[in-house]
$ cat protein.txt   # compact mmCIF, C-alpha atoms
# COMPACT_ATOMS: atom_id res chain seq x y z
CA MET A 1119 14.80 -31.19 -47.78
CA THR A 1120 16.52 -29.77 -44.69
CA GLN A 1121 13.18 -29.70 -43.01
CA THR A 1122 12.72 -33.44 -43.37
CA LEU A 1123 16.27 -34.08 -42.25
CA THR A 1124 15.88 -32.02 -39.09
CA GLY A 1125 12.46 -33.42 -38.42
CA GLY A 1126 10.82 -29.98 -38.65
CA THR A 1127 7.55 -29.20 -40.34
CA LEU A 1128 7.11 -30.96 -43.61
CA HIS A 1129 7.25 -28.97 -46.77
CA PRO A 1130 3.61 -28.62 -47.88
CA ASP A 1131 4.47 -30.02 -51.34
CA ARG A 1132 6.54 -32.86 -49.97
CA ASP A 1133 3.82 -35.45 -50.31
CA ALA A 1134 3.14 -34.36 -53.85
CA ILE A 1135 6.85 -34.60 -54.69
CA VAL A 1136 7.15 -38.05 -53.17
CA ARG A 1137 4.04 -39.18 -54.97
CA ALA A 1138 5.30 -37.84 -58.28
CA ALA A 1139 8.76 -39.39 -58.08
CA PRO A 1140 9.02 -42.16 -60.65
CA ARG A 1141 9.43 -45.62 -59.19
CA PRO A 1142 12.40 -47.72 -60.29
CA TYR A 1143 11.99 -50.06 -63.23
CA TRP A 1144 11.72 -53.76 -62.50
CA ASN A 1145 14.64 -56.13 -62.63
CA PRO A 1146 15.45 -56.73 -66.31
CA TYR A 1147 15.75 -60.51 -65.89
CA LEU A 1148 12.34 -60.66 -64.20
CA ILE A 1149 10.76 -58.51 -66.92
CA GLY A 1150 12.52 -60.56 -69.59
CA THR A 1151 10.97 -63.70 -68.15
CA LEU A 1152 7.51 -62.10 -68.09
CA LEU A 1153 7.93 -60.83 -71.64
CA GLY A 1154 9.03 -64.32 -72.69
CA LEU A 1155 5.86 -65.75 -71.15
CA VAL A 1156 3.71 -63.23 -73.03
CA LEU A 1157 5.48 -64.25 -76.22
CA LEU A 1158 5.04 -67.94 -75.39
CA ALA A 1159 1.33 -67.43 -74.67
CA THR A 1160 0.94 -65.62 -77.98
CA TYR A 1161 2.55 -68.54 -79.78
CA LEU A 1162 0.40 -71.12 -77.96
CA VAL A 1163 -2.84 -69.32 -78.68
CA THR A 1164 -2.37 -67.91 -82.16
CA GLY A 1165 0.40 -70.03 -83.64
CA ARG A 1166 2.47 -66.95 -84.38
CA GLY A 1167 4.33 -64.57 -82.17
CA LEU A 1168 4.34 -60.86 -81.52
CA GLY A 1169 4.72 -58.11 -84.10
CA ALA A 1170 4.38 -54.38 -84.48
CA THR A 1171 5.22 -53.24 -87.98
CA ALA A 1172 2.18 -54.83 -89.61
CA GLY A 1173 0.00 -52.69 -87.33
CA PHE A 1174 1.58 -49.56 -88.79
CA ALA A 1175 1.17 -50.95 -92.31
CA ALA A 1176 -2.53 -51.56 -91.62
CA VAL A 1177 -2.99 -47.90 -90.64
CA ALA A 1178 -1.07 -46.81 -93.76
CA SER A 1179 -3.36 -48.95 -95.93
CA TRP A 1180 -6.40 -47.47 -94.19
CA ILE A 1181 -5.18 -43.90 -94.79
CA ALA A 1182 -4.47 -44.67 -98.44
CA GLY A 1183 -7.99 -46.10 -98.70
CA LEU A 1184 -9.50 -42.84 -97.42
CA PHE A 1185 -8.09 -41.14 -100.50
CA SER A 1186 -8.68 -43.86 -103.05
CA PRO A 1187 -9.69 -47.52 -102.56
CA GLU A 1188 -8.81 -48.12 -106.23
CA HIS A 1189 -5.27 -47.01 -105.58
CA VAL A 1190 -5.04 -49.42 -102.63
CA ALA A 1191 -6.28 -52.29 -104.78
CA ALA A 1192 -3.69 -51.47 -107.45
CA ASN A 1193 -0.80 -51.22 -104.96
CA PRO A 1194 0.51 -54.66 -103.94
CA VAL A 1195 1.79 -53.50 -100.53
CA HIS A 1196 -1.28 -51.54 -99.46
CA ALA A 1197 -3.49 -54.33 -100.83
CA LYS A 1198 -1.81 -56.87 -98.54
CA TYR A 1199 -3.10 -55.00 -95.48
CA TRP A 1200 -6.45 -53.93 -96.93
CA ASN A 1201 -8.27 -56.90 -95.35
CA GLU A 1202 -11.28 -56.63 -97.70
CA GLY A 1203 -12.02 -53.07 -96.75
CA ALA A 1204 -11.41 -53.40 -93.02
CA PRO A 1205 -7.66 -52.72 -92.65
CA LEU A 1206 -8.11 -51.54 -89.06
CA ALA A 1207 -9.46 -54.96 -87.99
CA SER A 1208 -5.83 -56.09 -87.95
CA TRP A 1209 -4.54 -58.49 -85.33
CA THR A 1210 -1.22 -56.66 -84.99
CA LEU A 1211 -2.88 -53.25 -84.78
CA PHE A 1212 -5.04 -54.50 -81.91
CA LEU A 1213 -1.92 -55.89 -80.29
CA LEU A 1214 -0.44 -52.38 -80.46
CA ILE A 1215 -3.61 -50.82 -79.04
CA GLY A 1216 -3.41 -53.32 -76.19
CA ALA A 1217 0.27 -52.47 -75.76
CA PHE A 1218 -0.63 -48.78 -75.53
CA PHE A 1219 -3.00 -49.43 -72.64
CA GLY A 1220 -0.67 -51.92 -70.96
CA ALA A 1221 2.12 -49.36 -71.04
CA LEU A 1222 -0.27 -46.67 -69.81
CA VAL A 1223 -1.23 -48.79 -66.78
CA SER A 1224 2.38 -49.65 -66.03
CA GLY A 1225 3.45 -46.02 -66.40
CA PHE A 1226 0.61 -44.88 -64.16
CA LEU A 1227 1.44 -47.39 -61.43
CA GLY A 1228 5.12 -46.50 -61.70
CA HIS A 1229 4.44 -42.74 -61.58
CA ARG A 1230 6.12 -42.32 -64.93
CA LEU A 1231 3.34 -40.58 -66.90
CA ARG A 1232 4.51 -37.19 -68.04
CA PHE A 1233 4.65 -35.13 -71.20
CA ALA A 1234 8.34 -34.97 -71.97
CA VAL A 1235 10.95 -35.41 -74.66
CA GLU A 1236 13.60 -38.06 -74.05
CA ARG A 1237 17.02 -36.71 -75.03
CA GLY A 1238 20.54 -35.98 -73.87
CA PRO A 1239 21.45 -32.49 -72.62
CA GLN A 1240 23.27 -31.46 -75.81
CA VAL A 1241 20.31 -31.34 -78.21
CA THR A 1242 17.12 -29.30 -78.12
CA ASP A 1243 13.62 -30.77 -77.91
CA GLY A 1244 13.00 -29.70 -81.50
CA GLN A 1245 16.12 -31.43 -82.81
CA ARG A 1246 15.29 -34.54 -80.87
CA LEU A 1247 11.75 -34.67 -82.26
CA GLU A 1248 13.09 -34.33 -85.81
CA LEU A 1249 15.60 -37.11 -85.23
CA ALA A 1250 12.90 -39.31 -83.71
CA PHE A 1251 10.75 -38.85 -86.82
CA VAL A 1252 13.67 -39.52 -89.18
CA GLY A 1253 14.72 -42.55 -87.13
CA GLY A 1254 11.18 -43.90 -87.23
CA PHE A 1255 11.10 -43.48 -90.99
CA ILE A 1256 14.41 -45.32 -91.42
CA ALA A 1257 13.41 -48.08 -88.98
CA ALA A 1258 10.17 -48.58 -90.92
CA TYR A 1259 12.14 -49.17 -94.11
CA GLY A 1260 14.45 -51.60 -92.35
CA ALA A 1261 11.52 -53.50 -90.86
CA LYS A 1262 9.78 -53.69 -94.23
CA ILE A 1263 12.91 -55.02 -95.94
CA ALA A 1264 13.63 -57.53 -93.18
CA LYS A 1265 9.92 -58.43 -92.87
CA GLY A 1266 9.86 -57.77 -89.17
CA CYS A 1267 11.24 -55.67 -86.36
CA THR A 1268 12.48 -56.24 -82.84
CA SER A 1269 9.18 -57.94 -81.96
CA GLY A 1270 8.41 -59.91 -85.10
CA GLN A 1271 11.92 -60.93 -86.05
CA ALA A 1272 14.23 -60.70 -83.06
CA LEU A 1273 11.94 -61.89 -80.24
CA THR A 1274 9.48 -64.07 -82.12
CA GLY A 1275 11.81 -65.61 -84.69
CA GLY A 1276 14.71 -65.73 -82.27
CA SER A 1277 12.82 -67.94 -79.83
CA MET A 1278 12.19 -70.41 -82.67
CA LEU A 1279 15.89 -70.25 -83.59
CA ASN A 1280 14.92 -68.90 -86.99
CA VAL A 1281 18.22 -68.30 -88.82
CA GLY A 1282 16.98 -65.17 -90.62
CA SER A 1283 15.77 -63.67 -87.35
CA LEU A 1284 19.08 -64.25 -85.60
CA VAL A 1285 20.94 -62.69 -88.54
CA PHE A 1286 18.54 -59.74 -88.40
CA MET A 1287 19.20 -59.25 -84.69
CA LEU A 1288 22.94 -59.34 -85.24
CA ALA A 1289 22.70 -56.80 -88.08
CA VAL A 1290 20.59 -54.45 -85.93
CA PHE A 1291 23.22 -54.38 -83.21
CA VAL A 1292 26.10 -54.06 -85.71
CA ALA A 1293 24.54 -50.98 -87.31
CA ALA A 1294 23.43 -49.41 -84.04
CA TYR A 1295 26.79 -49.86 -82.31
CA GLY A 1296 28.54 -48.67 -85.48
CA LEU A 1297 26.53 -45.45 -85.57
CA ALA A 1298 26.32 -44.86 -81.82
CA TYR A 1299 29.47 -42.72 -81.77
CA LEU A 1300 28.15 -40.44 -84.54
CA VAL A 1301 24.88 -39.71 -82.74
CA ARG A 1302 26.31 -39.60 -79.20
CA LYS A 1303 25.35 -35.93 -78.82
CA GLU A 1304 21.71 -36.90 -79.06
CA TRP A 1305 21.96 -39.20 -76.06
CA LEU A 1306 24.95 -38.50 -73.83
CA MET B 1161 -2.84 -80.03 -78.95
CA LEU B 1162 -1.28 -76.60 -79.06
CA PRO B 1163 -1.27 -74.06 -80.60
CA LEU B 1164 -4.99 -73.51 -80.08
CA SER B 1165 -5.23 -71.96 -83.54
CA SER B 1166 -4.47 -75.35 -85.12
CA SER B 1167 -7.57 -77.01 -83.69
CA MET B 1168 -9.97 -74.09 -83.12
CA GLU B 1169 -11.58 -71.50 -85.33
CA PHE B 1170 -11.69 -68.13 -83.59
CA THR B 1171 -14.18 -65.47 -84.62
CA LEU B 1172 -12.68 -62.13 -85.64
CA GLY B 1173 -13.97 -60.58 -82.43
CA THR B 1174 -12.30 -63.23 -80.28
CA GLU B 1175 -9.04 -62.86 -82.19
CA LEU B 1176 -8.96 -59.11 -81.76
CA ALA B 1177 -9.91 -59.39 -78.08
CA MET B 1178 -7.02 -61.81 -77.56
CA ALA B 1179 -4.72 -59.40 -79.38
CA LEU B 1180 -5.77 -56.63 -76.97
CA VAL B 1181 -5.09 -58.79 -73.91
CA LEU B 1182 -1.75 -60.14 -75.13
CA GLY B 1183 -0.80 -56.65 -76.31
CA ALA B 1184 -1.57 -55.25 -72.87
CA GLY B 1185 0.85 -57.75 -71.35
CA PHE B 1186 3.39 -56.85 -74.00
CA GLY B 1187 3.09 -53.10 -73.41
CA PHE B 1188 3.09 -53.52 -69.63
CA CYS B 1189 6.37 -55.43 -69.82
CA LEU B 1190 7.98 -52.92 -72.18
CA GLU B 1191 7.12 -49.94 -69.98
CA ARG B 1192 8.04 -51.75 -66.76
CA ALA B 1193 11.45 -52.58 -68.22
CA GLY B 1194 12.02 -48.87 -68.90
CA PHE B 1195 11.61 -49.18 -72.64
CA GLY B 1196 9.20 -46.29 -72.81
CA SER B 1197 12.29 -44.12 -72.48
CA ALA B 1198 14.57 -43.58 -75.48
CA ARG B 1199 17.50 -42.80 -73.20
CA LYS B 1200 17.14 -46.07 -71.36
CA LEU B 1201 16.88 -47.91 -74.69
CA THR B 1202 19.87 -46.25 -76.35
CA ALA B 1203 21.96 -46.66 -73.19
CA VAL B 1204 22.68 -50.16 -74.43
CA PHE B 1205 24.69 -48.69 -77.32
CA TYR B 1206 26.92 -46.78 -74.90
CA LEU B 1207 27.31 -49.86 -72.69
CA TYR B 1208 26.45 -48.22 -69.37
CA ASP B 1209 23.04 -49.91 -69.08
CA MET B 1210 22.54 -53.24 -70.81
CA ALA B 1211 18.85 -53.64 -69.88
CA VAL B 1212 17.78 -53.97 -73.54
CA VAL B 1213 19.98 -57.02 -74.10
CA LYS B 1214 19.11 -58.48 -70.71
CA VAL B 1215 15.37 -58.24 -71.27
CA MET B 1216 15.41 -59.34 -74.91
CA PHE B 1217 17.74 -62.24 -74.36
CA THR B 1218 15.90 -63.45 -71.26
CA ALA B 1219 12.58 -63.21 -73.11
CA ILE B 1220 13.92 -65.20 -76.06
CA VAL B 1221 15.42 -67.87 -73.81
CA THR B 1222 12.21 -68.11 -71.74
CA ALA B 1223 9.96 -68.48 -74.76
CA MET B 1224 12.38 -70.88 -76.44
CA THR B 1225 12.55 -73.07 -73.35
CA GLY B 1226 8.77 -73.12 -73.07
CA LEU B 1227 8.34 -74.04 -76.72
CA PHE B 1228 10.93 -76.79 -76.45
CA VAL B 1229 9.56 -78.32 -73.24
CA LEU B 1230 5.95 -78.25 -74.43
CA SER B 1231 6.89 -79.85 -77.72
CA ALA B 1232 9.05 -82.48 -75.99
CA LEU B 1233 6.05 -83.34 -73.80
CA GLY B 1234 3.97 -83.77 -76.93
CA LEU B 1235 1.66 -80.88 -76.05
CA LEU B 1236 2.75 -78.53 -78.82
CA ASP B 1237 3.32 -79.07 -82.52
CA LEU B 1238 6.17 -76.76 -83.50
CA ARG B 1239 5.38 -77.26 -87.21
CA GLU B 1240 2.10 -75.41 -86.66
CA LEU B 1241 3.92 -72.24 -85.63
CA TYR B 1242 4.48 -69.59 -88.27
CA LEU B 1243 8.08 -69.08 -89.30
CA GLU B 1244 9.16 -66.11 -91.37
CA PRO B 1245 11.07 -67.55 -94.36
CA THR B 1246 14.76 -66.80 -94.21
CA ASN B 1247 16.28 -64.46 -96.76
CA LEU B 1248 19.77 -63.68 -95.57
CA ALA B 1249 20.32 -60.73 -97.90
CA ALA B 1250 17.04 -59.04 -96.98
CA GLN B 1251 17.34 -59.78 -93.28
CA SER B 1252 20.89 -58.50 -92.96
CA LEU B 1253 20.24 -55.39 -95.07
CA GLY B 1254 16.93 -54.74 -93.30
CA GLY B 1255 18.61 -55.29 -89.94
CA LEU B 1256 21.36 -52.77 -90.72
CA VAL B 1257 18.84 -50.14 -91.82
CA PHE B 1258 16.62 -50.90 -88.82
CA GLY B 1259 19.56 -50.61 -86.43
CA ALA B 1260 20.39 -47.18 -87.84
CA GLY B 1261 16.78 -46.09 -87.34
CA PHE B 1262 16.85 -47.48 -83.80
CA VAL B 1263 19.91 -45.53 -82.61
CA ILE B 1264 18.90 -42.32 -84.44
CA GLY B 1265 15.23 -42.47 -83.48
CA GLY B 1266 15.74 -43.92 -80.02
CA TYR B 1267 12.94 -46.47 -80.26
CA CYS B 1268 11.76 -49.50 -82.15
CA PRO B 1269 8.16 -49.81 -83.38
CA GLY B 1270 6.75 -51.52 -80.26
CA THR B 1271 8.58 -49.40 -77.72
CA SER B 1272 7.53 -46.17 -79.47
CA ILE B 1273 3.95 -47.11 -78.59
CA ALA B 1274 4.91 -47.62 -74.94
CA ALA B 1275 6.68 -44.24 -74.98
CA MET B 1276 3.70 -42.53 -76.57
CA ALA B 1277 1.36 -44.07 -73.98
CA THR B 1278 3.39 -42.54 -71.15
CA GLY B 1279 3.44 -39.09 -72.73
CA ARG B 1280 6.82 -39.07 -74.48
CA LYS B 1281 6.50 -36.74 -77.45
CA ASP B 1282 9.56 -38.22 -79.14
CA GLY B 1283 7.82 -41.62 -79.00
CA MET B 1284 4.93 -40.04 -80.86
CA ALA B 1285 7.33 -38.52 -83.42
CA PHE B 1286 9.00 -41.89 -83.93
CA ALA B 1287 5.63 -43.61 -84.42
CA LEU B 1288 4.62 -40.96 -86.97
CA GLY B 1289 7.95 -41.48 -88.74
CA MET B 1290 7.25 -45.22 -88.78
CA LEU B 1291 3.84 -44.61 -90.30
CA ALA B 1292 5.31 -42.29 -92.93
CA GLY B 1293 8.00 -44.89 -93.63
CA VAL B 1294 5.65 -47.82 -94.23
CA TYR B 1295 3.47 -45.52 -96.32
CA ALA B 1296 6.44 -44.41 -98.43
CA TYR B 1297 7.57 -48.02 -98.81
CA ALA B 1298 4.18 -48.98 -100.25
CA GLU B 1299 4.01 -45.94 -102.53
CA PHE B 1300 7.55 -45.66 -103.85
CA THR B 1301 9.27 -49.03 -103.49
CA PRO B 1302 6.62 -51.77 -103.56
CA GLY B 1303 8.96 -53.72 -105.84
CA ILE B 1304 11.25 -54.57 -102.91
CA ASP B 1305 8.62 -57.07 -101.72
CA ALA B 1306 9.03 -59.14 -104.89
CA TRP B 1307 12.83 -59.08 -104.51
CA ILE B 1308 12.53 -60.35 -100.93
CA LYS B 1309 10.15 -63.12 -101.93
CA ALA B 1310 12.30 -64.23 -104.86
CA GLY B 1311 15.40 -64.54 -102.68
CA ALA B 1312 13.75 -66.37 -99.77
CA THR B 1313 15.27 -69.76 -99.02
CA GLY B 1314 12.28 -71.02 -97.07
CA GLU B 1315 12.06 -72.03 -93.45
CA MET B 1316 15.47 -72.32 -91.85
CA THR B 1317 16.08 -72.83 -88.15
CA LEU B 1318 19.31 -73.65 -86.36
CA PRO B 1319 18.05 -77.19 -85.57
CA SER B 1320 17.01 -77.80 -89.20
CA VAL B 1321 20.29 -76.43 -90.59
CA THR B 1322 22.61 -78.23 -88.19
CA GLY B 1323 20.59 -81.39 -87.57
CA LEU B 1324 21.03 -80.89 -83.82
CA SER B 1325 18.01 -81.08 -81.50
CA MET B 1326 16.44 -77.83 -80.31
CA GLY B 1327 17.29 -78.92 -76.77
CA TRP B 1328 21.02 -78.41 -77.33
CA PHE B 1329 20.43 -74.86 -78.48
CA VAL B 1330 18.21 -74.16 -75.50
CA LEU B 1331 21.03 -75.37 -73.24
CA ALA B 1332 23.58 -73.30 -75.15
CA PHE B 1333 21.44 -70.16 -74.96
CA VAL B 1334 20.86 -70.59 -71.22
CA ALA B 1335 24.59 -71.08 -70.65
CA PHE B 1336 25.40 -68.08 -72.82
CA LEU B 1337 22.88 -65.95 -70.92
CA LEU B 1338 24.53 -66.83 -67.60
CA PHE B 1339 27.93 -65.92 -69.01
CA ALA B 1340 26.62 -62.74 -70.66
CA ARG B 1341 25.08 -61.72 -67.34
CA TRP B 1342 28.53 -61.59 -65.84
CA GLY B 1343 29.99 -59.84 -68.90
CA MET B 1344 27.30 -57.18 -68.94
CA ARG B 1345 27.90 -56.40 -65.28
CA GLN B 1346 31.55 -55.73 -66.14
CA LEU B 1347 30.55 -53.44 -69.02
CA GLU B 1348 28.12 -51.48 -66.87
CA GLU B 1349 30.83 -50.85 -64.30
CA ARG B 1350 33.42 -49.92 -66.90
CA PHE B 1351 31.14 -47.46 -68.70
CA GLY B 1352 29.15 -46.34 -65.67
CA TYR B 1353 30.61 -42.82 -65.97
CA LEU B 1354 28.41 -42.23 -69.04
CA ARG B 1355 25.23 -42.75 -67.03
CA PRO B 1356 23.17 -39.54 -66.69
CA ALA B 1357 23.24 -38.14 -63.17
CA ALA B 1358 19.51 -37.96 -62.50
$ encode --input "protein.txt" --output "structure tokens"
Amino acid sequence: MTQTLTGGTLHPDRDAIVRAAPRPYWNPYLIGTLLGLVLLATYLVTGRGLGATAGFAAVASWIAGLFSPEHVAANPVHAKYWNEGAPLASWTLFLLIGAFFGALVSGFLGHRLRFAVERGPQVTDGQRLELAFVGGFIAAYGAKIAKGCTSGQALTGGSMLNVGSLVFMLAVFVAAYGLAYLVRKEWL
Amino acid sequence: MLPLSSSMEFTLGTELAMALVLGAGFGFCLERAGFGSARKLTAVFYLYDMAVVKVMFTAIVTAMTGLFVLSALGLLDLRELYLEPTNLAAQSLGGLVFGAGFVIGGYCPGTSIAAMATGRKDGMAFALGMLAGVYAYAEFTPGIDAWIKAGATGEMTLPSVTGLSMGWFVLAFVAFLLFARWGMRQLEERFGYLRPAA
């Protein structure tokens, strides 16, 4: 660092460090507008909006089918995503696969690709991974009960002024703000 | 007349290809906003970084405005768009449970994919938890689906409930966004001390 300040010889790793430094995220209002246009385009082409949870349900149905297709047929929830034996040919699952690659490209361009665990300084990586799994499990249940998540209910339904979606969004923030103090050690 | 799906039959291959393209835009936006990071996402609950609300609200207002304008111009038939039937009990209960999962797990289903794509192991753990959760729901509590269906009150939007045109709500949401923009700036200053140093 001093070397660059004094104009002396550059640290040999300096270029690598500069290259590796993550770039700032884009302006949230700009990104929000872009995301809104993606949502709008999805509506205009397919007649329905974005979603994510159904993609997970399709994979669950597929896994269940590996063990026993009869069991899938007998289970009303798995059966809904079975798609006549091709559960993986799911629109929402392909949306998620696309999202994976879109995020990968954005992360690559922004120098943000790295194997890491996102957490506050007061928990260990192991604790954080456990909490992430538990949180995912709970969120899945919530999304199943509400028939949608942040994408399918909040964004998609919200933009159509769907009453249930707006209530869902409100409930999400009520619960999350209510619990934020209890889990502050995980994040702050 | 839009949506295209109302006048065109897509083959499965075309549909899935469109899903990939739209999904790529979706994932690109999520990562670019910083939503591949659980700390950035949960920052909204500690009020020092309101990006989640800014992005979500702007996206909703943008899409809503587009839908309204296109339908007012006669280019889009809003009745052709799928609406999840409202069930206030299920959507508030589900929302509360989902919110708990969000602040504990640090992601929501879509953002966990963006996190996973950029190498965040906790994003992977969240996605696995999601998968286990939907699996458990199907195995142990499939009956909840029938309860949700029985209690659904059908399609309910703010315009249909109040009898006011969608345009008024678009105006109100835009005005609220401008006001909220100011309010969120105040919050971020007030709670800025919680922001991680690096």
$ closest_atom_pairs --input "protein.txt" --of "region 1215-1330 of chain B" --to "region 1160-1179 of chain A" --cutoff "10 Å" --atoms "only C-alpha atoms" --output "CSV"
residue,atom,partner,partner_atom,distance
B:Ala1223,CA,A:Tyr1161,CA,9.0
B:Gly1226,CA,A:Leu1162,CA,9.9
B:Leu1227,CA,A:Leu1162,CA,8.6
B:Leu1230,CA,A:Leu1162,CA,9.7
B:Leu1236,CA,A:Leu1162,CA,7.8
B:Asp1237,CA,A:Gly1165,CA,9.6
B:Leu1238,CA,A:Gly1165,CA,8.9
B:Arg1239,CA,A:Gly1165,CA,9.5
B:Glu1240,CA,A:Gly1165,CA,6.4
B:Leu1241,CA,A:Gly1165,CA,4.6
B:Tyr1242,CA,A:Arg1166,CA,5.1
B:Leu1243,CA,A:Arg1166,CA,7.8
B:Glu1244,CA,A:Arg1166,CA,9.7
B:Cys1268,CA,A:Ala1170,CA,9.1
B:Pro1269,CA,A:Ala1170,CA,6.0
B:Gly1270,CA,A:Ala1170,CA,5.6
B:Thr1271,CA,A:Ala1170,CA,9.4
B:Ile1273,CA,A:Ala1170,CA,9.4
B:Ala1287,CA,A:Phe1174,CA,8.4
B:Leu1288,CA,A:Phe1174,CA,9.3
B:Met1290,CA,A:Phe1174,CA,7.1
B:Leu1291,CA,A:Phe1174,CA,5.6
B:Ala1292,CA,A:Ala1178,CA,7.9
B:Gly1293,CA,A:Ala1175,CA,9.2
B:Val1294,CA,A:Ala1175,CA,5.8
B:Tyr1295,CA,A:Ala1178,CA,5.4
B:Ala1296,CA,A:Ala1178,CA,9.2
B:Tyr1297,CA,A:Ala1175,CA,9.6
B:Ala1298,CA,A:Ala1178,CA,8.6
$ residues_around --input "protein.txt" --residues "region 1250-1262 of chain B" --least-positions-apart "2" --cutoff "8 Å" --atoms "all atoms listed in the file" --output "count of residues only"
37
$ atom_distance --input "protein.txt" --atom1 "CA of Pro1140 (chain A)" --atom2 "CA of Arg1246 (chain A)"
22.5 Å
$ closest_residue --input "protein.txt" --among "B:Leu1162, B:Val1204, B:Ala1219, B:Gly1196" --to "Val1156 (chain A)" --atoms "only C-alpha atoms"
B:Ala1219
$ residues_around --input "protein.txt" --residues "Leu1182 (chain B)" --least-positions-apart "5" --cutoff "12 Å" --atoms "all atoms listed in the file" --output "PyMOL selection string"
(chain A and resi 1152-1164+1167-1169+1209-1220) or (chain B and resi 1175-1177+1187-1189)
$ residues_near_point --input "protein.txt" --point "(-0.2, -53.9, -67.2)" --cutoff "7 Å" --atoms "all atoms listed in the file" --output "PyMOL selection string"
(chain A and resi 1220-1221+1223-1224) or (chain B and resi 1184-1185+1188)
$ atom_distance --input "protein.txt" --atom1 "CA of Gly1276 (chain A)" --atom2 "CA of Thr1322 (chain B)"
15.9 Å
$ build_atoms --input "protein.txt" --residues "region 1209-1223 of chain B" --atoms "N, CA and C atoms" --output "compact mmCIF listing (two decimals), in the coordinates of the input"
# COMPACT_ATOMS: atom_id res chain seq x y z
N ASP B 1209 24.25 -49.26 -69.58
CA ASP B 1209 23.04 -49.91 -69.08
C ASP B 1209 22.59 -50.92 -70.14
N MET B 1210 22.76 -52.19 -69.82
CA MET B 1210 22.54 -53.24 -70.81
C MET B 1210 21.13 -53.85 -70.73
N ALA B 1211 20.19 -53.09 -70.12
CA ALA B 1211 18.85 -53.64 -69.88
C ALA B 1211 18.21 -54.19 -71.16
N VAL B 1212 18.42 -53.52 -72.30
CA VAL B 1212 17.78 -53.97 -73.54
C VAL B 1212 18.19 -55.41 -73.86
N VAL B 1213 19.49 -55.66 -73.79
CA VAL B 1213 19.98 -57.02 -74.10
C VAL B 1213 19.49 -58.00 -73.05
N LYS B 1214 19.54 -57.59 -71.79
CA LYS B 1214 19.11 -58.48 -70.71
C LYS B 1214 17.66 -58.91 -70.90
N VAL B 1215 16.79 -57.94 -71.14
CA VAL B 1215 15.37 -58.24 -71.27
C VAL B 1215 15.10 -59.07 -72.52
N MET B 1216 15.66 -58.63 -73.65
CA MET B 1216 15.41 -59.34 -74.91
C MET B 1216 15.91 -60.77 -74.85
N PHE B 1217 17.13 -60.91 -74.37
CA PHE B 1217 17.74 -62.24 -74.36
C PHE B 1217 17.00 -63.16 -73.39
N THR B 1218 16.65 -62.64 -72.22
CA THR B 1218 15.90 -63.45 -71.26
C THR B 1218 14.55 -63.85 -71.83
N ALA B 1219 13.89 -62.91 -72.53
CA ALA B 1219 12.58 -63.21 -73.11
C ALA B 1219 12.71 -64.31 -74.17
N ILE B 1220 13.72 -64.19 -75.01
CA ILE B 1220 13.92 -65.20 -76.06
C ILE B 1220 14.19 -66.56 -75.44
N VAL B 1221 15.08 -66.59 -74.44
CA VAL B 1221 15.42 -67.87 -73.81
C VAL B 1221 14.21 -68.47 -73.10
N THR B 1222 13.42 -67.62 -72.43
CA THR B 1222 12.21 -68.11 -71.74
C THR B 1222 11.23 -68.72 -72.72
N ALA B 1223 10.93 -67.99 -73.79
CA ALA B 1223 9.96 -68.48 -74.76
C ALA B 1223 10.48 -69.75 -75.44
